[in-house]
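As structure tokens, the structure follows; a few thoughts come after it.
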Amino acid sequence: MRFHPVLSLVSAVLAVLLVVPIDHARAQQQEKRIALVIGNGAYAKAPLSTAANDGGLIAQTLQAAGFDVSGARDLDGDTLRGAFRDFVKKAEEAGPDTVAAVYLAGYGVQYAGENYFIPVDSRISRDTDIPTEGLRLGDYMRQLAALPLKTSVVVLDLAREQPFVPAGSVASGLAMVEPTPKMLIAFNAAPGTVAPEERGAYGVYAQALAEMIRTGGLTLPQLFDRVRLRVNETTKGAQVPWDTQSIESNFMFFDRAPDAPPLPAPDQALRSKPIRDMGAAEAYAAALDRDTLQAYEDFLAAYPSDPLAKRVRAIVAARREAITWRRTYRVDTPDAYWSYLRRYPRGPHAADARRRLEILAAALEPPPSFTVIDYDVPAPPPDEIVYVDRPVLMFSDPVFDFAPPPPPPVFFLPPPPPDFVMLPPPPPPIGLFYLPRPLFVPIPAYVRPPVYVQPPPNNIIFANIHNTTVINQVINQPPAAAANPSAPLPVAQPPAAVPGAVPAVEPSRAGVASAAIAGGVIGAALPAAVMQRAALIQQGKAAVPPSASIATTPPGGFAPRPGVQLQGPRGRLPATMSSPVPNGTGPGRAPAPPPPSSPPGQASGPAVAPLPGQRRPSPVVPAAAPAVQALPVPGSKRLPPPSMGAVRPGAPVRAQPLPTGARPAVQTGAPPSGAGAAAGAGPAVRSEASRQPAPAARLRPASIPAPARPTGPPTRSLGERHLPPVAPRIQRPPPPMVARPVPPPMHTAPRPALPPPPSQAAPRMAPPPAAARMAPPPHIAPPRPPAPPRTAPPPRPQGPAKRCPPGVSQC
């Protein structure tokens, strides 16, 4: 039987058409997602209160979207460069179908057309120190662009007022950059501008970015357009984010289920509608949504006298100057820098232009005639010069007196979800270099990662973004810390056979294991270079960095809601306005003394993270340390935490372990003596009567003998910290009987025990050794009034001298 040639050709075409979708689906299944997140906030000159928290929030959000996240905080220059090298190597080994994301929070400085990320140990005192102390970001972005990655997303949350060099020697904010193919670059503030000082637990930009990622169903351009609108709305126009992209794929962090609520988005007719045909409020939102120089100029042409025109004119002035300088730096000739100085003789980049002229051995002042380069934008009008002549351009500067913009229409930007408006501060980090681990807010059930995303290894968050039970047990409500802080951290076990199951650890070590898991499974894993630095510090081969002792929490704690305070550049506040609350030291900031106790959400001095198999050093507990909570015994209920009202100020609270070989104390009628005793002495064996709430301790008359006590000094519980230390008893011969005055009748009404007066307080003694500690006695007698001085006993009669028997020299 012979086949017709035409039929054979059709069969071959059909086979190819059937194989191509299968191969495409197989390729889609192999998409990997990797991310690097750095949050630097412990700067000596001016600490940042939200940089590390923002890094933890973005790292957690990217983990939920299927990214294999490596991150750290407060890195010095060498460690920061090593972390970038490790990430570039990881991206190179990941393969072509990989999406790489980079998020950096901290201080960024532009110098000679390049953006630099400043490490926490930088010693910048003049502008020429920036290239040597900072990390030039263009080098690493070019390395990512050279790799065959599917998509690259670089987010620079660095546009802040820098405290390192005098204002005017470098331009404020970040320099405009041009993306390479398959890359998106985003700034937290428009080029040449800086964001206002943060007062909340998280930065406005980071929280808006996390919100839009969790929305799902948004491409990268749509996502960052919404971020810009949200940040501008939250800051009342004080901050305008910026992004540029050359993305070829329709990348989405999350998908939305078919039954998900529809996203309110402007239709194409409204999006393409001319700005002059809209109202002033809608026109401002449309110009901000498009974020182009032409859109802002269209608004000024349609509404030149509107109260929002002054704000839009400042945005246009910053954008025009940034484009002009970018074109000048790319040409890099004396004519180009003279052309810039003719337009902006006192502009933000005037110092950069003169610096380059000196390097090119050209005259600083423009000659009478030279070839003016052709810019892409026209020369600025006179009313724009007032905005770009300032050393630091901040849209919240009260000198401008801008009218606050109206909220954007709902079809441009829906309101934020209620559970993502007031985010509580994260708990303190688990150790040095680790990012904070914010409380996880479950993602709606109709938002889910794309099916073609390869699950990252050992990622509990990715497998449980909708499982509130697992999230609450492991992340939101972790078990209490271990009773013995010097116990070694157990190594985090890999997940069980069930996808997304919690790693199996011993119940008694659940609290410590959760901290260990946070470094590799729940939280962002430390890069290899950072882990190596932490190992050297742990082994004593490297010193603890000074950034570990810098408090980043603002005095008084975080504000309940990130509020924008009208303020000018640092040290340039108007005399009629009150200075903002400082959060560090530096020019224009008052020195912030360390708080007596770290408020919830941030540790003033993080400890060194112990490595697996090593012992954690015993931390020094401050004066007002929180109560030590005992771990629950398997199969029993957790004991309630004791009241802190009985803790004596200034007394250290330490949980003592049970001595080796010692048996737990048996309590037959006494109530438990607090969580501290339970944590230190182990689980106590109690009778059924002792499980009932015991009445308050009654004062015992002197006639009633004290109950028998075990030999050796007892261990005091947290509830007895107000009592003076009990000295060990020494067996002595009984003194002669002396008449004592009858003590007054004691009250039998229950009352709380009070500390003794200073004159009657027993001398402070060193705590007894751990081997001699036992459970506290059921009752402790109240202090008695001092007895009258005793009379010396009469001398005994001296008898005849004793004689030794015959033949004995001594007896």
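In the structure tokens, each chain is lettered A, B, ... as it comes, each chain's residues begin at 1, and ligands are numbered from 1 in order of appearance.
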
### Task
Would you mind listing what lies within 10 Å of Asp383 in chain A as a list in words, with only C-alpha atoms counted and same-chain residues fewer than 2 positions away left out?
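Non-adjacent residues within range: Lys310, Arg313, Ala314, Ala317, Pro380, Pro381, Ile385, Val386 and Tyr387 of chain A.
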
Could you dump the residues just selected with N, CA and C atoms as an mmCIF file, in the first residue's frame?
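Result file selection-v3.cif:
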data_model
loop_
_atom_site.group_PDB
_atom_site.id
_atom_site.type_symbol
_atom_site.label_atom_id
_atom_site.label_comp_id
_atom_site.auth_asym_id
_atom_site.auth_seq_id
_atom_site.Cartn_x
_atom_site.Cartn_y
_atom_site.Cartn_z
ATOM 1 N N LYS A 310 1.346 73.139 40.053
ATOM 2 C CA LYS A 310 2.665 73.344 40.646
ATOM 3 C C LYS A 310 3.350 72.014 40.936
ATOM 4 N N ARG A 313 4.435 70.506 37.682
ATOM 5 C CA ARG A 313 5.566 71.239 37.118
ATOM 6 C C ARG A 313 6.878 70.814 37.771
ATOM 7 N N ALA A 314 6.855 70.525 39.064
ATOM 8 C CA ALA A 314 8.067 70.022 39.725
ATOM 9 C C ALA A 314 8.435 68.640 39.212
ATOM 10 N N ALA A 317 10.035 69.179 35.869
ATOM 11 C CA ALA A 317 11.378 69.742 35.997
ATOM 12 C C ALA A 317 12.397 68.663 36.345
ATOM 13 N N PRO A 380 14.541 73.926 29.621
ATOM 14 C CA PRO A 380 13.517 74.150 30.649
ATOM 15 C C PRO A 380 13.032 75.594 30.643
ATOM 16 N N PRO A 381 11.738 75.831 30.863
ATOM 17 C CA PRO A 381 11.240 77.201 31.009
ATOM 18 C C PRO A 381 11.707 77.803 32.330
ATOM 19 N N ILE A 385 13.229 76.222 36.846
ATOM 20 C CA ILE A 385 14.575 76.309 37.396
ATOM 21 C C ILE A 385 14.539 76.328 38.922
ATOM 22 N N VAL A 386 13.471 76.875 39.511
ATOM 23 C CA VAL A 386 13.414 76.985 40.963
ATOM 24 C C VAL A 386 13.412 75.616 41.625
ATOM 25 N N TYR A 387 12.942 74.590 40.923
ATOM 26 C CA TYR A 387 12.879 73.255 41.517
ATOM 27 C C TYR A 387 14.198 72.501 41.386
#

### Message
Excluding Glu321 in chain A and its own-chain neighbours fewer than 5 positions away, which residues fall within 10 Å of it when counting only C-alpha atoms? Please give them as a VMD selection string.
### Response
chain A and resid 191 to 192 316 326 to 327 340 343 to 344 347 to 349 377 379 to 380 384 to 385 388

Output file for the selection above: N, CA and C atoms, as a PDB file, in the first residue's frame:
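Listed below is the output, out.pdb:
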ATOM      1  N   PRO A 191      13.925  59.680  39.317  1.00  0.00           N
ATOM      2  CA  PRO A 191      15.341  60.071  39.238  1.00  0.00           C
ATOM      3  C   PRO A 191      15.543  61.526  39.651  1.00  0.00           C
ATOM      4  N   GLY A 192      16.549  61.732  40.480  1.00  0.00           N
ATOM      5  CA  GLY A 192      16.855  63.063  40.965  1.00  0.00           C
ATOM      6  C   GLY A 192      16.069  63.499  42.178  1.00  0.00           C
ATOM      7  N   VAL A 316       7.813  67.509  36.203  1.00  0.00           N
ATOM      8  CA  VAL A 316       8.353  67.724  34.861  1.00  0.00           C
ATOM      9  C   VAL A 316       9.777  68.259  34.950  1.00  0.00           C
ATOM     10  N   ARG A 326      21.323  62.461  31.453  1.00  0.00           N
ATOM     11  CA  ARG A 326      21.598  61.139  30.903  1.00  0.00           C
ATOM     12  C   ARG A 326      22.161  61.245  29.495  1.00  0.00           C
ATOM     13  N   ARG A 327      21.594  62.137  28.692  1.00  0.00           N
ATOM     14  CA  ARG A 327      22.108  62.350  27.340  1.00  0.00           C
ATOM     15  C   ARG A 327      23.516  62.946  27.385  1.00  0.00           C
ATOM     16  N   TYR A 340      25.251  71.131  29.016  1.00  0.00           N
ATOM     17  CA  TYR A 340      24.460  70.972  30.241  1.00  0.00           C
ATOM     18  C   TYR A 340      24.580  72.200  31.132  1.00  0.00           C
ATOM     19  N   ARG A 343      22.378  75.045  30.189  1.00  0.00           N
ATOM     20  CA  ARG A 343      20.970  74.886  30.584  1.00  0.00           C
ATOM     21  C   ARG A 343      20.802  74.966  32.092  1.00  0.00           C
ATOM     22  N   TYR A 344      21.681  74.312  32.819  1.00  0.00           N
ATOM     23  CA  TYR A 344      21.552  74.240  34.280  1.00  0.00           C
ATOM     24  C   TYR A 344      22.875  74.679  34.906  1.00  0.00           C
ATOM     25  N   GLY A 347      22.508  73.467  38.374  1.00  0.00           N
ATOM     26  CA  GLY A 347      21.676  72.273  38.428  1.00  0.00           C
ATOM     27  C   GLY A 347      22.226  71.204  39.346  1.00  0.00           C
ATOM     28  N   PRO A 348      21.465  70.140  39.538  1.00  0.00           N
ATOM     29  CA  PRO A 348      21.930  69.060  40.435  1.00  0.00           C
ATOM     30  C   PRO A 348      23.234  68.407  39.988  1.00  0.00           C
ATOM     31  N   HIS A 349      23.458  68.334  38.671  1.00  0.00           N
ATOM     32  CA  HIS A 349      24.666  67.671  38.164  1.00  0.00           C
ATOM     33  C   HIS A 349      25.726  68.659  37.724  1.00  0.00           C
ATOM     34  N   VAL A 377      14.891  66.601  24.722  1.00  0.00           N
ATOM     35  CA  VAL A 377      13.864  67.425  25.346  1.00  0.00           C
ATOM     36  C   VAL A 377      14.246  68.886  25.167  1.00  0.00           C
ATOM     37  N   ALA A 379      14.685  72.980  26.134  1.00  0.00           N
ATOM     38  CA  ALA A 379      15.265  73.650  27.300  1.00  0.00           C
ATOM     39  C   ALA A 379      14.186  73.925  28.331  1.00  0.00           C
ATOM     40  N   PRO A 380      14.541  73.926  29.621  1.00  0.00           N
ATOM     41  CA  PRO A 380      13.517  74.150  30.649  1.00  0.00           C
ATOM     42  C   PRO A 380      13.032  75.594  30.643  1.00  0.00           C
ATOM     43  N   GLU A 384      10.668  76.383  35.888  1.00  0.00           N
ATOM     44  CA  GLU A 384      11.131  75.078  36.359  1.00  0.00           C
ATOM     45  C   GLU A 384      12.481  75.155  37.066  1.00  0.00           C
ATOM     46  N   ILE A 385      13.229  76.222  36.846  1.00  0.00           N
ATOM     47  CA  ILE A 385      14.575  76.309  37.396  1.00  0.00           C
ATOM     48  C   ILE A 385      14.539  76.328  38.922  1.00  0.00           C
ATOM     49  N   VAL A 388      14.900  72.665  40.275  1.00  0.00           N
ATOM     50  CA  VAL A 388      16.121  71.885  40.056  1.00  0.00           C
ATOM     51  C   VAL A 388      17.353  72.591  40.589  1.00  0.00           C
TER      52      VAL A 388
END

### Task
Rounded to one decimal place, report the CA of Ala72 in chain A-CA of Val204 in chain A distance in Å.
20.5 Å

### Summary
In Å and to one decimal, CA of Arg226 in chain A is distant from CA of Gly557 in chain A by 29.5 Å

### Query
Could you write out, as a PyMOL selection string, all the residues of range 239-282 of chain A that DSSP marks as helix (DSSP H, G or I)?
chain A and resi 268-271+275-277+280-282

Serialized selection, N, CA and C atoms, as a PDB file, in the first residue's frame:
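What ended up in again13.pdb:
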ATOM      1  N   GLN A 268      -9.754  50.386  27.542  1.00  0.00           N
ATOM      2  CA  GLN A 268      -8.803  50.933  26.585  1.00  0.00           C
ATOM      3  C   GLN A 268      -9.231  52.305  26.083  1.00  0.00           C
ATOM      4  N   ALA A 269     -10.544  52.530  25.997  1.00  0.00           N
ATOM      5  CA  ALA A 269     -11.002  53.838  25.534  1.00  0.00           C
ATOM      6  C   ALA A 269     -10.612  54.933  26.521  1.00  0.00           C
ATOM      7  N   LEU A 270     -10.758  54.635  27.827  1.00  0.00           N
ATOM      8  CA  LEU A 270     -10.382  55.633  28.819  1.00  0.00           C
ATOM      9  C   LEU A 270      -8.870  55.792  28.900  1.00  0.00           C
ATOM     10  N   ARG A 271      -8.138  54.692  28.733  1.00  0.00           N
ATOM     11  CA  ARG A 271      -6.680  54.784  28.807  1.00  0.00           C
ATOM     12  C   ARG A 271      -6.110  55.598  27.643  1.00  0.00           C
ATOM     13  N   ILE A 275      -5.831  63.616  27.711  1.00  0.00           N
ATOM     14  CA  ILE A 275      -5.905  64.176  29.056  1.00  0.00           C
ATOM     15  C   ILE A 275      -6.734  65.454  29.073  1.00  0.00           C
ATOM     16  N   ARG A 276      -6.722  66.201  27.983  1.00  0.00           N
ATOM     17  CA  ARG A 276      -7.489  67.453  27.968  1.00  0.00           C
ATOM     18  C   ARG A 276      -8.990  67.219  28.025  1.00  0.00           C
ATOM     19  N   ASP A 277      -9.436  65.988  27.707  1.00  0.00           N
ATOM     20  CA  ASP A 277     -10.861  65.667  27.749  1.00  0.00           C
ATOM     21  C   ASP A 277     -11.296  65.099  29.096  1.00  0.00           C
ATOM     22  N   ALA A 280      -9.817  67.456  36.122  1.00  0.00           N
ATOM     23  CA  ALA A 280      -8.490  67.703  36.680  1.00  0.00           C
ATOM     24  C   ALA A 280      -8.015  66.517  37.502  1.00  0.00           C
ATOM     25  N   ALA A 281      -8.887  65.950  38.351  1.00  0.00           N
ATOM     26  CA  ALA A 281      -8.483  64.820  39.190  1.00  0.00           C
ATOM     27  C   ALA A 281      -8.176  63.591  38.346  1.00  0.00           C
ATOM     28  N   GLU A 282      -9.055  63.280  37.396  1.00  0.00           N
ATOM     29  CA  GLU A 282      -8.796  62.135  36.532  1.00  0.00           C
ATOM     30  C   GLU A 282      -7.579  62.367  35.649  1.00  0.00           C
TER      31      GLU A 282
END

### Query
So, counting only C-alpha atoms, which residue among A:Asp306, A:Asp243, A:Asp259, A:Glu114 is closest to Asp289 in chain A?
A:Asp243

#### Entry: Distance of CA of Ala42 in chain A from CA of Lys541 in chain A, expressed in Å to one decimal place
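Straight-line distance from CA of Lys541 in chain A to CA of Ala42 in chain A works out to 22.4 Å.
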